[in-house]
>>> print(open('my_file25.txt').read())   # compact mmCIF, C-alpha atoms
# COMPACT_ATOMS: atom_id res chain seq x y z
CA MET A 231 -92.63 58.99 -44.87
CA ALA A 232 -88.97 60.00 -44.75
CA LEU A 233 -86.47 57.44 -43.50
CA PRO A 234 -87.02 56.34 -39.86
CA VAL A 235 -84.51 57.74 -37.36
CA SER A 236 -83.03 54.34 -36.56
CA LEU A 237 -81.96 53.84 -40.17
CA ARG A 238 -80.44 57.26 -40.80
CA ASN A 239 -76.86 56.66 -39.76
CA SER A 240 -76.25 53.19 -41.05
CA VAL A 241 -77.81 50.23 -42.78
CA THR A 242 -79.06 47.42 -40.56
CA PRO A 243 -77.97 43.76 -40.57
CA PRO A 244 -81.35 42.61 -41.99
CA GLU A 245 -80.88 45.04 -44.87
CA LEU A 246 -77.41 43.63 -45.50
CA GLU A 247 -78.96 40.15 -45.51
CA LEU A 248 -81.48 41.33 -48.08
CA ILE A 249 -78.64 42.52 -50.31
CA ALA A 250 -76.61 39.36 -49.79
CA SER A 251 -79.63 37.25 -50.76
CA GLU A 252 -79.23 38.45 -54.34
CA GLU A 253 -76.07 36.37 -54.71
CA LEU A 254 -76.25 33.04 -56.48
CA VAL A 255 -76.19 29.68 -54.76
CA GLU A 256 -76.35 26.14 -56.07
CA ILE A 257 -79.34 23.98 -55.26
CA ILE A 258 -80.62 20.50 -55.94
CA PRO A 259 -84.29 21.10 -56.76
CA LEU A 260 -87.01 18.70 -55.64
CA ILE A 261 -89.60 20.24 -57.97
CA SER A 262 -89.34 21.11 -61.62
CA MET A 263 -89.91 24.58 -62.94
CA GLU A 264 -89.62 26.17 -66.37
CA ARG A 265 -87.01 28.82 -67.02
CA THR A 266 -88.56 31.98 -65.61
CA ALA A 267 -87.88 35.67 -66.16
CA PHE A 268 -87.28 37.56 -62.93
CA ILE A 269 -86.35 41.18 -62.47
CA SER A 270 -82.80 40.25 -61.53
CA GLY A 271 -82.42 37.83 -64.44
CA ALA A 272 -83.74 34.55 -65.81
CA TYR A 273 -83.35 31.40 -63.73
CA GLY A 274 -84.08 27.74 -64.29
CA PRO A 275 -85.16 25.45 -65.67
CA LEU A 276 -85.23 23.33 -62.52
CA ARG A 277 -85.12 19.61 -63.35
CA PRO A 278 -84.56 17.31 -60.37
CA PRO A 279 -81.98 16.01 -59.67
CA ASN A 280 -79.86 18.37 -61.78
CA LYS A 281 -78.16 21.17 -59.90
CA ALA A 282 -79.13 24.74 -60.70
CA LYS A 283 -77.89 28.17 -59.72
CA ILE A 284 -80.48 30.57 -58.35
CA PRO A 285 -80.43 33.63 -56.06
CA LEU A 286 -80.12 32.88 -52.37
CA TRP A 287 -83.53 34.37 -51.49
CA MET A 288 -85.18 31.99 -53.94
CA ALA A 289 -83.24 29.04 -52.56
CA ILE A 290 -84.29 29.97 -49.01
CA ASN A 291 -87.89 30.30 -50.12
CA LEU A 292 -87.87 26.86 -51.76
CA LYS A 293 -85.94 25.29 -48.90
CA MET A 294 -88.49 26.44 -46.35
CA LYS A 295 -91.14 24.64 -48.38
CA LYS A 296 -88.90 21.59 -48.59
CA LYS A 297 -88.67 21.95 -52.34
CA CYS A 298 -84.89 21.94 -52.65
CA HIS A 299 -81.58 21.12 -51.02
CA ILE A 300 -78.99 23.86 -50.87
CA VAL A 301 -75.42 23.06 -51.87
CA PRO A 302 -73.30 25.13 -49.47
CA PRO A 303 -70.54 27.22 -51.12
CA ASN A 304 -67.06 25.70 -50.90
CA TRP A 305 -65.94 28.17 -48.23
CA LEU A 306 -68.68 27.04 -45.85
CA SER A 307 -66.89 23.85 -44.86
CA VAL A 308 -64.90 22.76 -41.81
CA ASP A 309 -61.68 22.27 -43.79
CA PHE A 310 -61.74 25.66 -45.42
CA LEU A 311 -62.69 27.56 -42.29
CA GLN A 312 -60.08 25.73 -40.20
CA ASP A 313 -57.38 26.77 -42.68
CA ARG A 314 -58.64 30.32 -42.62
CA LEU A 315 -58.73 30.43 -38.85
CA ALA A 316 -55.10 29.26 -38.72
CA LEU A 317 -54.16 31.90 -41.27
CA GLU A 318 -56.13 34.55 -39.45
CA THR A 319 -54.45 33.88 -36.10
CA SER A 320 -50.93 33.53 -37.50
CA ARG A 321 -50.87 36.70 -39.59
CA GLN A 322 -51.42 40.28 -38.78
CA GLU A 323 -53.50 41.27 -41.78
CA PHE A 324 -57.08 40.22 -42.49
CA SER A 325 -57.36 37.15 -44.68
CA GLN A 326 -59.61 37.13 -47.70
CA PHE A 327 -63.27 36.18 -47.43
CA PRO A 328 -66.21 36.67 -49.76
CA PHE A 329 -67.44 40.20 -49.07
CA ARG A 330 -70.84 39.12 -47.74
CA PHE A 331 -69.80 35.83 -46.15
CA THR A 332 -71.21 36.59 -42.68
CA GLU A 333 -74.70 37.28 -43.99
CA ILE A 334 -74.70 34.30 -46.33
CA ALA A 335 -73.34 31.93 -43.68
CA LYS A 336 -75.96 33.06 -41.18
CA LEU A 337 -78.84 32.68 -43.63
CA LEU A 338 -77.69 29.24 -44.72
CA LEU A 339 -77.05 28.00 -41.19
CA ASP A 340 -80.47 29.24 -40.08
CA VAL A 341 -82.46 27.81 -42.96
CA ALA A 342 -80.53 24.78 -44.13
CA PRO A 343 -78.44 23.32 -41.30
CA ASP A 344 -79.37 19.83 -42.54
CA ASP A 345 -77.73 20.53 -45.90
CA ILE A 346 -74.44 21.59 -44.31
CA GLN A 347 -72.06 18.97 -42.98
CA ASN A 348 -70.92 19.59 -39.41
CA SER A 349 -73.00 22.72 -39.12
CA GLU A 350 -72.33 22.99 -35.38
CA ARG A 351 -68.57 22.88 -35.89
CA ILE A 352 -68.88 25.47 -38.69
CA ARG A 353 -70.86 27.72 -36.41
CA SER A 354 -68.15 27.70 -33.77
CA LEU A 355 -65.38 28.18 -36.36
CA LEU A 356 -67.17 31.21 -37.75
CA LYS A 357 -67.46 32.58 -34.25
CA ASP A 358 -63.73 32.10 -33.62
CA ILE A 359 -62.86 33.78 -36.91
CA ARG A 360 -65.15 36.65 -36.07
CA GLU A 361 -63.42 37.17 -32.73
CA VAL A 362 -59.93 37.18 -34.21
CA ARG A 363 -60.96 39.64 -36.89
CA GLN A 364 -62.77 41.84 -34.40
CA ALA A 365 -59.61 42.11 -32.31
CA LYS A 366 -57.72 43.16 -35.44
CA SER A 367 -60.30 45.85 -36.22
CA ARG A 368 -59.85 47.29 -32.75
CA GLU A 369 -56.10 47.38 -33.21
CA GLY A 370 -56.64 49.13 -36.53
CA LEU A 371 -58.25 51.96 -34.63
CA GLN A 372 -54.79 52.99 -33.43
CA LYS A 373 -53.79 53.79 -36.99
CA ILE A 374 -56.73 56.05 -37.71
CA ASP A 375 -56.00 59.68 -38.60
CA HIS A 376 -58.09 62.45 -40.09
CA SER A 377 -57.55 61.62 -43.73
CA GLU A 378 -57.46 57.96 -44.67
CA LEU A 379 -57.48 54.43 -43.31
CA SER A 380 -57.07 51.46 -45.63
CA LEU A 381 -59.05 48.37 -44.65
CA PRO A 382 -58.10 45.53 -46.98
CA ASN A 383 -60.29 42.39 -46.92
CA LEU A 384 -62.75 43.74 -44.41
CA CYS A 385 -66.22 42.35 -44.99
CA SER A 386 -69.59 44.00 -45.29
CA MET A 387 -70.93 43.06 -41.85
CA GLU A 388 -67.62 43.91 -40.15
CA ILE A 389 -67.57 47.34 -41.72
CA ASN A 390 -71.12 47.93 -40.58
CA GLU A 391 -70.17 46.92 -37.07
CA ILE A 392 -67.23 49.32 -36.76
CA ARG A 393 -68.91 52.10 -38.72
CA PRO A 394 -70.39 54.28 -35.93
CA PHE A 395 -67.22 54.32 -33.85
CA PHE A 396 -64.73 54.73 -36.68
CA VAL A 397 -66.72 57.47 -38.38
CA ARG A 398 -66.97 59.37 -35.11
CA ALA A 399 -63.29 58.89 -34.36
CA MET A 400 -62.34 60.29 -37.74
CA GLY A 401 -64.78 63.15 -37.24
CA VAL A 402 -63.13 64.11 -33.96
CA LEU A 403 -59.67 63.97 -35.53
CA THR A 404 -60.90 66.12 -38.42
CA GLN A 405 -62.12 68.75 -35.97
CA LEU A 406 -58.82 68.72 -34.12
CA THR A 407 -56.79 69.28 -37.26
CA ARG A 408 -59.15 71.65 -38.99
CA ASP A 409 -57.48 74.82 -40.23
CA PRO A 410 -58.71 77.64 -42.46
CA VAL A 411 -56.75 76.41 -45.51
CA ALA A 412 -58.24 72.95 -45.40
CA ASP A 413 -61.63 74.47 -44.73
CA SER A 414 -61.64 76.47 -47.91
CA GLN A 415 -60.19 73.55 -49.86
CA PHE A 416 -62.76 71.04 -48.81
CA ASP A 417 -65.66 73.40 -48.72
CA VAL A 418 -66.88 72.23 -45.34
CA MET B 89 -104.07 38.16 -74.26
CA SER B 90 -104.88 34.46 -73.91
CA PRO B 91 -103.88 32.70 -70.69
CA ARG B 92 -101.29 30.57 -72.54
CA HIS B 93 -99.82 33.70 -73.96
CA ILE B 94 -99.61 35.29 -70.53
CA SER B 95 -97.95 32.26 -69.11
CA ALA B 96 -95.36 32.50 -71.85
CA ALA B 97 -94.55 36.00 -70.73
CA LEU B 98 -92.95 34.62 -67.60
CA LEU B 99 -90.78 32.39 -69.73
CA ASP B 100 -87.45 33.80 -70.68
CA ASP B 101 -87.80 33.16 -74.41
CA ASP B 102 -89.86 36.33 -74.65
CA GLU B 103 -88.16 39.20 -76.43
CA ASP B 104 -89.98 41.69 -74.22
CA PHE B 105 -87.67 40.96 -71.32
CA PRO B 106 -84.30 42.44 -72.14
CA MET B 107 -81.98 41.22 -69.43
CA VAL B 108 -79.15 43.57 -68.71
CA GLY B 109 -76.16 41.36 -68.01
CA VAL B 110 -77.86 38.32 -66.55
CA ALA B 111 -74.67 37.21 -64.81
CA ALA B 112 -75.00 38.00 -61.11
CA PRO B 113 -72.05 38.06 -58.70
CA ASP B 114 -70.91 34.67 -57.63
CA LEU B 115 -70.48 33.42 -54.11
CA ASN B 116 -66.85 32.78 -55.00
CA PHE B 117 -63.98 35.14 -54.54
CA GLY B 118 -64.50 36.84 -57.88
CA VAL B 119 -63.45 40.49 -57.70
CA ASP B 120 -64.38 41.16 -61.32
CA HIS B 121 -67.59 43.07 -61.86
CA PRO B 122 -69.85 41.51 -64.45
CA PRO B 123 -72.17 44.00 -66.16
CA GLU B 124 -74.66 45.19 -63.57
CA THR B 125 -78.35 44.39 -63.78
CA LEU B 126 -80.77 47.24 -63.19
CA LEU B 127 -81.49 45.93 -59.72
CA GLN B 128 -77.79 45.80 -58.84
CA GLN B 129 -77.46 49.37 -60.05
CA LEU B 130 -80.31 50.50 -57.85
CA VAL B 131 -78.91 48.64 -54.84
CA ARG B 132 -75.55 50.36 -55.38
CA HIS B 133 -77.17 53.80 -55.63
CA TRP B 134 -79.37 53.02 -52.64
CA LEU B 135 -76.34 52.20 -50.47
CA ASN B 136 -74.45 55.26 -51.78
CA GLU B 137 -77.42 57.39 -50.84
CA ARG B 138 -77.69 55.80 -47.40
CA HIS B 139 -74.04 56.46 -46.57
CA ALA B 140 -73.32 59.81 -48.23
CA PRO B 141 -73.82 62.90 -46.04
CA ASP B 142 -74.93 64.91 -49.10
CA ILE B 143 -77.85 64.20 -51.39
CA LEU B 144 -76.76 62.51 -54.66
CA PRO B 145 -78.14 62.98 -58.19
CA VAL B 146 -81.52 61.27 -58.59
CA GLN B 147 -81.31 58.00 -60.59
CA ALA B 148 -84.52 58.62 -62.49
CA GLU B 149 -83.72 56.30 -65.39
CA VAL B 150 -82.83 53.26 -63.30
CA LEU B 151 -85.82 53.88 -61.07
CA GLY B 152 -88.21 54.32 -63.99
CA ALA B 153 -87.02 51.19 -65.78
CA LEU B 154 -87.33 49.11 -62.61
CA LEU B 155 -90.80 50.44 -61.82
CA ASP B 156 -91.86 49.52 -65.35
CA HIS B 157 -90.46 46.05 -64.84
CA ILE B 158 -92.29 45.70 -61.53
CA ARG B 159 -95.51 46.73 -63.25
CA ARG B 160 -95.04 44.19 -66.06
CA GLN B 161 -94.31 41.36 -63.61
CA THR B 162 -97.31 42.32 -61.46
CA ASP B 163 -99.63 42.45 -64.47
CA THR B 164 -98.51 39.01 -65.62
CA VAL B 165 -99.01 37.59 -62.14
CA GLN B 166 -102.46 39.14 -61.85
CA ALA B 167 -103.54 37.69 -65.18
CA LEU B 168 -102.21 34.24 -64.30
CA ARG B 169 -103.85 34.20 -60.89
CA GLY B 170 -107.20 35.06 -62.41
CA ASP B 171 -106.94 32.08 -64.71
CA PRO B 172 -108.54 28.91 -63.22
CA ASP B 173 -106.43 26.68 -65.50
CA THR B 174 -103.22 27.69 -63.78
CA SER B 175 -101.53 24.54 -62.51
CA GLU B 176 -99.99 23.82 -59.12
CA ALA B 177 -96.44 24.08 -60.47
CA GLU B 178 -97.34 27.39 -62.03
CA HIS B 179 -98.48 28.67 -58.64
CA ALA B 180 -95.06 28.04 -57.14
CA ARG B 181 -93.54 30.09 -59.91
CA ILE B 182 -96.00 32.92 -59.50
CA MET B 183 -95.26 33.02 -55.81
CA LEU B 184 -91.53 33.38 -56.46
CA VAL B 185 -92.09 36.17 -58.96
CA GLN B 186 -94.28 37.96 -56.43
CA THR B 187 -91.70 37.52 -53.69
CA GLU B 188 -89.10 39.15 -55.87
CA VAL B 189 -91.40 42.03 -56.75
CA GLU B 190 -91.85 42.69 -53.03
CA ARG B 191 -88.08 42.61 -52.47
CA VAL B 192 -87.47 45.09 -55.27
CA LYS B 193 -90.28 47.31 -54.00
CA PHE B 194 -88.59 47.41 -50.61
CA VAL B 195 -85.35 48.69 -52.12
CA VAL B 196 -87.18 51.26 -54.27
CA ARG B 197 -89.14 52.50 -51.26
CA SER B 198 -86.11 52.70 -49.03
CA TYR B 199 -84.18 54.57 -51.73
CA ILE B 200 -86.91 57.16 -52.10
CA ARG B 201 -87.40 57.52 -48.36
CA THR B 202 -83.66 58.07 -47.88
CA ARG B 203 -83.70 60.86 -50.45
CA LEU B 204 -86.79 62.39 -48.92
CA TYR B 205 -85.17 62.42 -45.51
CA LYS B 206 -82.07 64.11 -46.89
CA ALA B 207 -84.00 66.65 -48.90
CA LEU B 208 -85.85 67.62 -45.71
CA GLN B 209 -82.84 67.48 -43.43
CA ILE B 210 -80.75 69.67 -45.69
CA GLU B 211 -83.77 71.88 -46.05
CA LYS B 212 -84.54 72.12 -42.38
CA PHE B 213 -82.52 75.06 -41.20
CA ALA B 214 -81.17 76.23 -44.38
CA ARG B 215 -83.35 76.34 -47.40
CA TYR B 216 -80.02 75.15 -48.72
CA ILE B 217 -81.73 73.42 -51.62
CA VAL B 218 -83.79 76.41 -52.66
CA ALA B 219 -80.64 78.48 -52.32
CA THR B 220 -78.26 76.24 -54.29
CA SER B 221 -79.09 75.55 -57.90
CA GLU B 222 -76.43 72.84 -58.02
CA VAL B 223 -78.40 70.85 -55.45
CA GLN B 224 -81.66 71.49 -57.25
CA GLU B 225 -80.37 69.66 -60.30
CA LYS B 226 -79.88 66.49 -58.27
CA LEU B 227 -83.53 66.31 -57.24
CA SER B 228 -86.53 65.07 -59.16
CA GLN B 229 -89.41 67.52 -59.60
CA ALA B 230 -91.50 65.75 -56.97
CA GLU B 231 -88.67 65.86 -54.45
CA LEU B 232 -88.07 69.53 -55.15
CA ASP B 233 -91.75 70.43 -54.72
CA HIS B 234 -91.83 68.50 -51.47
CA ALA B 235 -88.71 70.25 -50.16
CA ARG B 236 -90.08 73.67 -51.12
CA ARG B 237 -93.41 73.10 -49.40
CA PHE B 238 -91.61 71.89 -46.32
CA ALA B 239 -89.31 74.93 -46.31
CA GLN B 240 -92.30 77.22 -46.58
CA LEU B 241 -94.07 75.53 -43.68
CA THR B 242 -91.02 75.68 -41.39
CA GLU B 243 -90.39 79.29 -42.22
CA ASN B 244 -94.00 80.25 -41.50
CA HIS B 245 -93.78 78.37 -38.24
CA PHE B 246 -90.56 80.12 -37.21
CA GLN B 247 -92.08 83.46 -38.12
CA ALA B 248 -95.31 82.90 -36.26
CA SER B 249 -93.81 81.37 -33.12
CA VAL B 250 -90.62 83.40 -32.57
CA LEU B 251 -89.19 85.58 -35.26
CA GLN B 252 -92.00 88.11 -35.54
CA SER B 253 -91.55 89.06 -31.87
CA LEU B 254 -87.85 89.78 -32.33
CA PRO B 255 -86.40 93.18 -33.28
CA PRO B 256 -86.52 93.63 -37.07
CA HIS B 257 -82.78 93.13 -37.69
CA GLN B 258 -82.87 89.71 -35.99
CA GLN B 259 -85.87 88.39 -37.88
CA GLY B 260 -83.95 87.01 -40.86
CA LEU B 261 -82.78 83.41 -41.11
CA GLU B 262 -79.75 84.19 -43.22
CA ASP B 263 -77.65 86.54 -41.12
CA ASN B 264 -73.96 85.70 -41.03
CA THR B 265 -72.47 86.80 -37.75
CA PRO B 266 -68.71 86.36 -37.57
CA PHE B 267 -67.40 83.74 -35.10
CA THR B 268 -70.73 81.93 -34.82
CA PRO B 269 -71.84 78.97 -36.86
CA PRO B 270 -73.91 80.00 -39.90
CA MET B 271 -77.67 79.62 -39.53
CA ILE B 272 -77.83 78.12 -43.00
CA SER B 273 -75.92 74.87 -42.66
CA GLY B 274 -75.05 72.54 -45.49
CA PRO B 275 -74.32 68.82 -45.27
CA ASP B 276 -71.17 67.83 -43.39
CA LYS B 277 -68.95 66.71 -46.23
CA SER B 278 -66.05 66.02 -43.90
CA ARG B 279 -67.92 63.05 -42.42
CA ALA B 280 -66.02 59.82 -42.98
CA VAL B 281 -67.42 57.13 -45.29
CA PHE B 282 -66.33 53.60 -46.17
CA VAL B 283 -65.37 53.49 -49.83
CA HIS B 284 -64.91 50.52 -52.13
CA ALA B 285 -63.09 51.13 -55.44
CA ARG B 286 -64.97 49.60 -58.39
CA ASP B 287 -62.15 50.46 -60.81
CA GLU B 288 -58.67 51.89 -60.78
CA CYS B 289 -59.17 55.44 -59.56
CA PRO B 290 -57.36 58.62 -60.53
CA PRO B 291 -55.39 60.10 -57.62
CA VAL B 292 -57.27 62.29 -55.14
CA ARG B 293 -55.99 64.74 -52.55
CA LEU B 294 -56.35 63.90 -48.89
CA PRO B 295 -56.95 66.47 -46.16
CA ASP B 296 -53.37 66.05 -44.89
CA GLY B 297 -52.06 67.20 -48.27
CA THR B 298 -50.89 63.83 -49.59
CA THR B 299 -52.51 62.05 -52.50
CA MET B 300 -54.20 58.68 -52.57
CA GLN B 301 -54.69 56.43 -55.57
CA MET B 302 -57.18 53.67 -54.95
CA GLN B 303 -56.64 50.30 -56.60
CA LYS B 304 -59.58 48.29 -57.82
CA GLY B 305 -61.18 46.45 -54.92
CA GLN B 306 -59.49 48.53 -52.25
CA ILE B 307 -61.54 49.52 -49.18
CA VAL B 308 -60.79 52.80 -47.44
CA LEU B 309 -62.27 54.96 -44.70
CA THR B 310 -61.93 58.61 -45.66
CA PRO B 311 -63.85 61.90 -45.50
CA TYR B 312 -66.69 62.15 -48.01
CA ALA B 313 -65.22 65.29 -49.60
CA VAL B 314 -62.17 63.30 -50.76
CA VAL B 315 -64.18 60.83 -52.85
CA GLU B 316 -67.10 63.04 -53.87
CA GLN B 317 -65.87 63.32 -57.47
CA LEU B 318 -64.99 59.64 -57.73
CA LEU B 319 -68.48 58.74 -56.52
CA ALA B 320 -70.07 60.99 -59.12
CA MET B 321 -67.97 59.25 -61.79
CA GLY B 322 -69.07 55.83 -60.53
CA SER B 323 -65.48 54.67 -59.90
CA VAL B 324 -66.21 54.02 -56.25
CA GLU B 325 -69.20 52.93 -54.19
CA LEU B 326 -70.01 53.54 -50.54
CA ILE B 327 -70.36 50.45 -48.39
>>> encode(input="my_file25.txt", output="structure tokens")
Amino acid sequence: MALPVSLRNSVTPPELELIASEELVEIIPLISMERTAFISGAYGPLRPPNKAKIPLWMAINLKMKKKCHIVPPNWLSVDFLQDRLALETSRQEFSQFPFRFTEIAKLLLDVAPDDIQNSERIRSLLKDIREVRQAKSREGLQKIDHSELSLPNLCSMEINEIRPFFVRAMGVLTQLTRDPVADSQFDV
Amino acid sequence: MSPRHISAALLDDDEDFPMVGVAAPDLNFGVDHPPETLLQQLVRHWLNERHAPDILPVQAEVLGALLDHIRRQTDTVQALRGDPDTSEAEHARIMLVQTEVERVKFVVRSYIRTRLYKALQIEKFARYIVATSEVQEKLSQAELDHARRFAQLTENHFQASVLQSLPPHQQGLEDNTPFTPPMISGPDKSRAVFVHARDECPPVRLPDGTTMQMQKGQIVLTPYAVVEQLLAMGSVELI
């Protein structure tokens, strides 16, 4: 009953999606519902056509039953992503994104492409952004040492992607620099 | 309880449902942390536990409160489902409540399984847990019993299969021979972890001798030993 081997070293993308689904998203409900107490908080009332904010998992659930339209967050638009892509390619540092944007974008594009304008274009922009940022992560590997590496604006899914390699790299560097003083200090 | 009354229990105007900081994080760029709900707390501790090489203190209170909440929601749903007067709209609501219960159960289960795995892994060669009282304090009674039984089984197995045939001075599991790795191994606290600062952090010493002061929101890759104290204080989370 202990944790399966495949999950021991890292969390998986579906688990990250589960966590990201707790975040709030705006919907236009097609059914009405009283205000309801959930474990994560109270949501509603839903009164079509008034917008309401509910957790993403709930929105996905309703959307799949065609009981709501999802209002995509402002960053999931061609204009915004185009600006970000330009910023990302022109500067050396990572530009700012919502921490769980990859997961949220994927879930929304999978479930509600009809609610998102130009979803195909958004898909390809996200892919381009991902590639630019991935290249930057790889460059960041040059700066790694045995004690600390700052990673400003890196997002949840990106961290998970580089985790195995970066953790190992730092482990190797730690072994190379290990000396008795540090050993006693850090109680290894 | 009458069916109407039960139905009201799902409504938020019931005093029995104290909501800890209803505000959930926004999809916007907000870096500010609103007060955490119980579920958000558990998710944070779950991820900490998944990423930390060492076993962390058991979050018995958060876990207990959430399990109670799950039970209350399940009871309400059961009562409503048994009621033939429940309307179609009500069914949609019940289904959403049930979906959430399943989601929360998944996190609870994964949290417990992660701890179980660590308790056993640390236990495996070492009886580290039985040996260190500091570690014992982090475990719940059930986890401790489980670890002890497992340690006993492994030791019996080692004895029966190999150790009893060895010369007496090599039969122990605890001998410390110089220049060889110890047979009792603890968790590797030098393993690197990704850390996110939840608040301004007091300065910590890095293995290279310099100090690091994490600003709120900063993300850093660093050995677990560096941030162990900060994690215990709740100033940082592992991501």
>>> residues_around(input="my_file25.txt", residues="Arg286 (chain B)", least_positions_apart="4", cutoff="6 Å", atoms="only C-alpha atoms", output="ChimeraX atom specification")
/B:304,323-324
>>> interface_residues(input="my_file25.txt", of="chain A", to="chain B", cutoff="6 Å", atoms="only C-alpha atoms", output="PyMOL selection string")
chain A and resi 232-233+253-254+265-267+271+328+377-382+397+418
>>> atom_distance(input="my_file25.txt", atom1="CA of Leu227 (chain B)", atom2="CA of Val146 (chain B)")
5.6 Å
>>> closest_residue(input="my_file25.txt", among="B:Ile143, B:Val292, B:Leu241, B:Ala285", to="Glu222 (chain B)", atoms="all atoms listed in the file")
B:Ile143
>>> atom_distance(input="my_file25.txt", atom1="CA of Cys385 (chain A)", atom2="CA of Leu338 (chain A)")
17.4 Å
>>> atom_distance(input="my_file25.txt", atom1="CA of Trp287 (chain A)", atom2="CA of His179 (chain B)")
17.5 Å
>>> residues_near_point(input="my_file25.txt", point="(-57.1, 66.4, -37.9)", cutoff="8 Å", atoms="all atoms listed in the file", output="PDB file with C-alpha atoms, keeping the file's coordinate frame")
ATOM      1  CA  ASP A 375     -56.000  59.680 -38.600  1.00  0.00           C
ATOM      2  CA  HIS A 376     -58.090  62.450 -40.090  1.00  0.00           C
ATOM      3  CA  SER A 377     -57.550  61.620 -43.730  1.00  0.00           C
ATOM      4  CA  VAL A 402     -63.130  64.110 -33.960  1.00  0.00           C
ATOM      5  CA  LEU A 403     -59.670  63.970 -35.530  1.00  0.00           C
ATOM      6  CA  THR A 404     -60.900  66.120 -38.420  1.00  0.00           C
ATOM      7  CA  GLN A 405     -62.120  68.750 -35.970  1.00  0.00           C
ATOM      8  CA  LEU A 406     -58.820  68.720 -34.120  1.00  0.00           C
ATOM      9  CA  THR A 407     -56.790  69.280 -37.260  1.00  0.00           C
ATOM     10  CA  ARG A 408     -59.150  71.650 -38.990  1.00  0.00           C
TER      11      ARG A 408
ATOM     12  CA  ASP B 296     -53.370  66.050 -44.890  1.00  0.00           C
TER      13      ASP B 296
END
>>> closest_residue(input="my_file25.txt", among="A:Val255, A:Ile249, A:Ile392, A:Ile261", to="Lys295 (chain A)", atoms="only C-alpha atoms")
A:Ile261
>>> residues_around(input="my_file25.txt", residues="Gly274 (chain A)", least_positions_apart="6", cutoff="8 Å", atoms="only C-alpha atoms", output="PDB file with C-alpha atoms, keeping the file's coordinate frame")
ATOM      1  CA  MET A 263     -89.910  24.580 -62.940  1.00  0.00           C
ATOM      2  CA  GLU A 264     -89.620  26.170 -66.370  1.00  0.00           C
ATOM      3  CA  ARG A 265     -87.010  28.820 -67.020  1.00  0.00           C
ATOM      4  CA  THR A 266     -88.560  31.980 -65.610  1.00  0.00           C
ATOM      5  CA  ALA A 282     -79.130  24.740 -60.700  1.00  0.00           C
ATOM      6  CA  LYS A 283     -77.890  28.170 -59.720  1.00  0.00           C
ATOM      7  CA  ILE A 284     -80.480  30.570 -58.350  1.00  0.00           C
TER       8      ILE A 284
END
>>> residues_around(input="my_file25.txt", residues="Gln247 (chain B)", least_positions_apart="5", cutoff="12 Å", atoms="all atoms listed in the file", output="list in words")
Gln240, Leu241, Thr242, Gln252, Ser253, Leu254, Pro256, Gln258, Gln259, Gly260 and Leu261 of chain B
>>> residues_around(input="my_file25.txt", residues="region 305-318 of chain A", least_positions_apart="6", cutoff="8 Å", atoms="all atoms listed in the file", output="list in words")
Phe324, Ser325, Ala335, Ile346, Gln347, Asn348, Arg351, Ile352, Leu355, Leu356, Asp358, Ile359, Val362 and Arg363 of chain A
>>> closest_residue(input="my_file25.txt", among="A:Val341, A:Pro234, A:Lys293, A:Gln322", to="Lys366 (chain A)", atoms="only C-alpha atoms")
A:Gln322
>>> residues_around(input="my_file25.txt", residues="Lys297 (chain A)", least_positions_apart="6", cutoff="9 Å", atoms="all atoms listed in the file", output="list in words")
Ile258, Pro259, Leu260, Ile261, Ala289 and Asn291 of chain A
>>> axis_aligned_box(input="my_file25.txt", around="region 245-261 of chain A", padding_each_side="4 Å", output="lines of an AutoDock Vina configuration file")
center_x = -82.8
center_y = 31.9
center_z = -51.4
size_x = 21.5
size_y = 34.3
size_z = 21.1
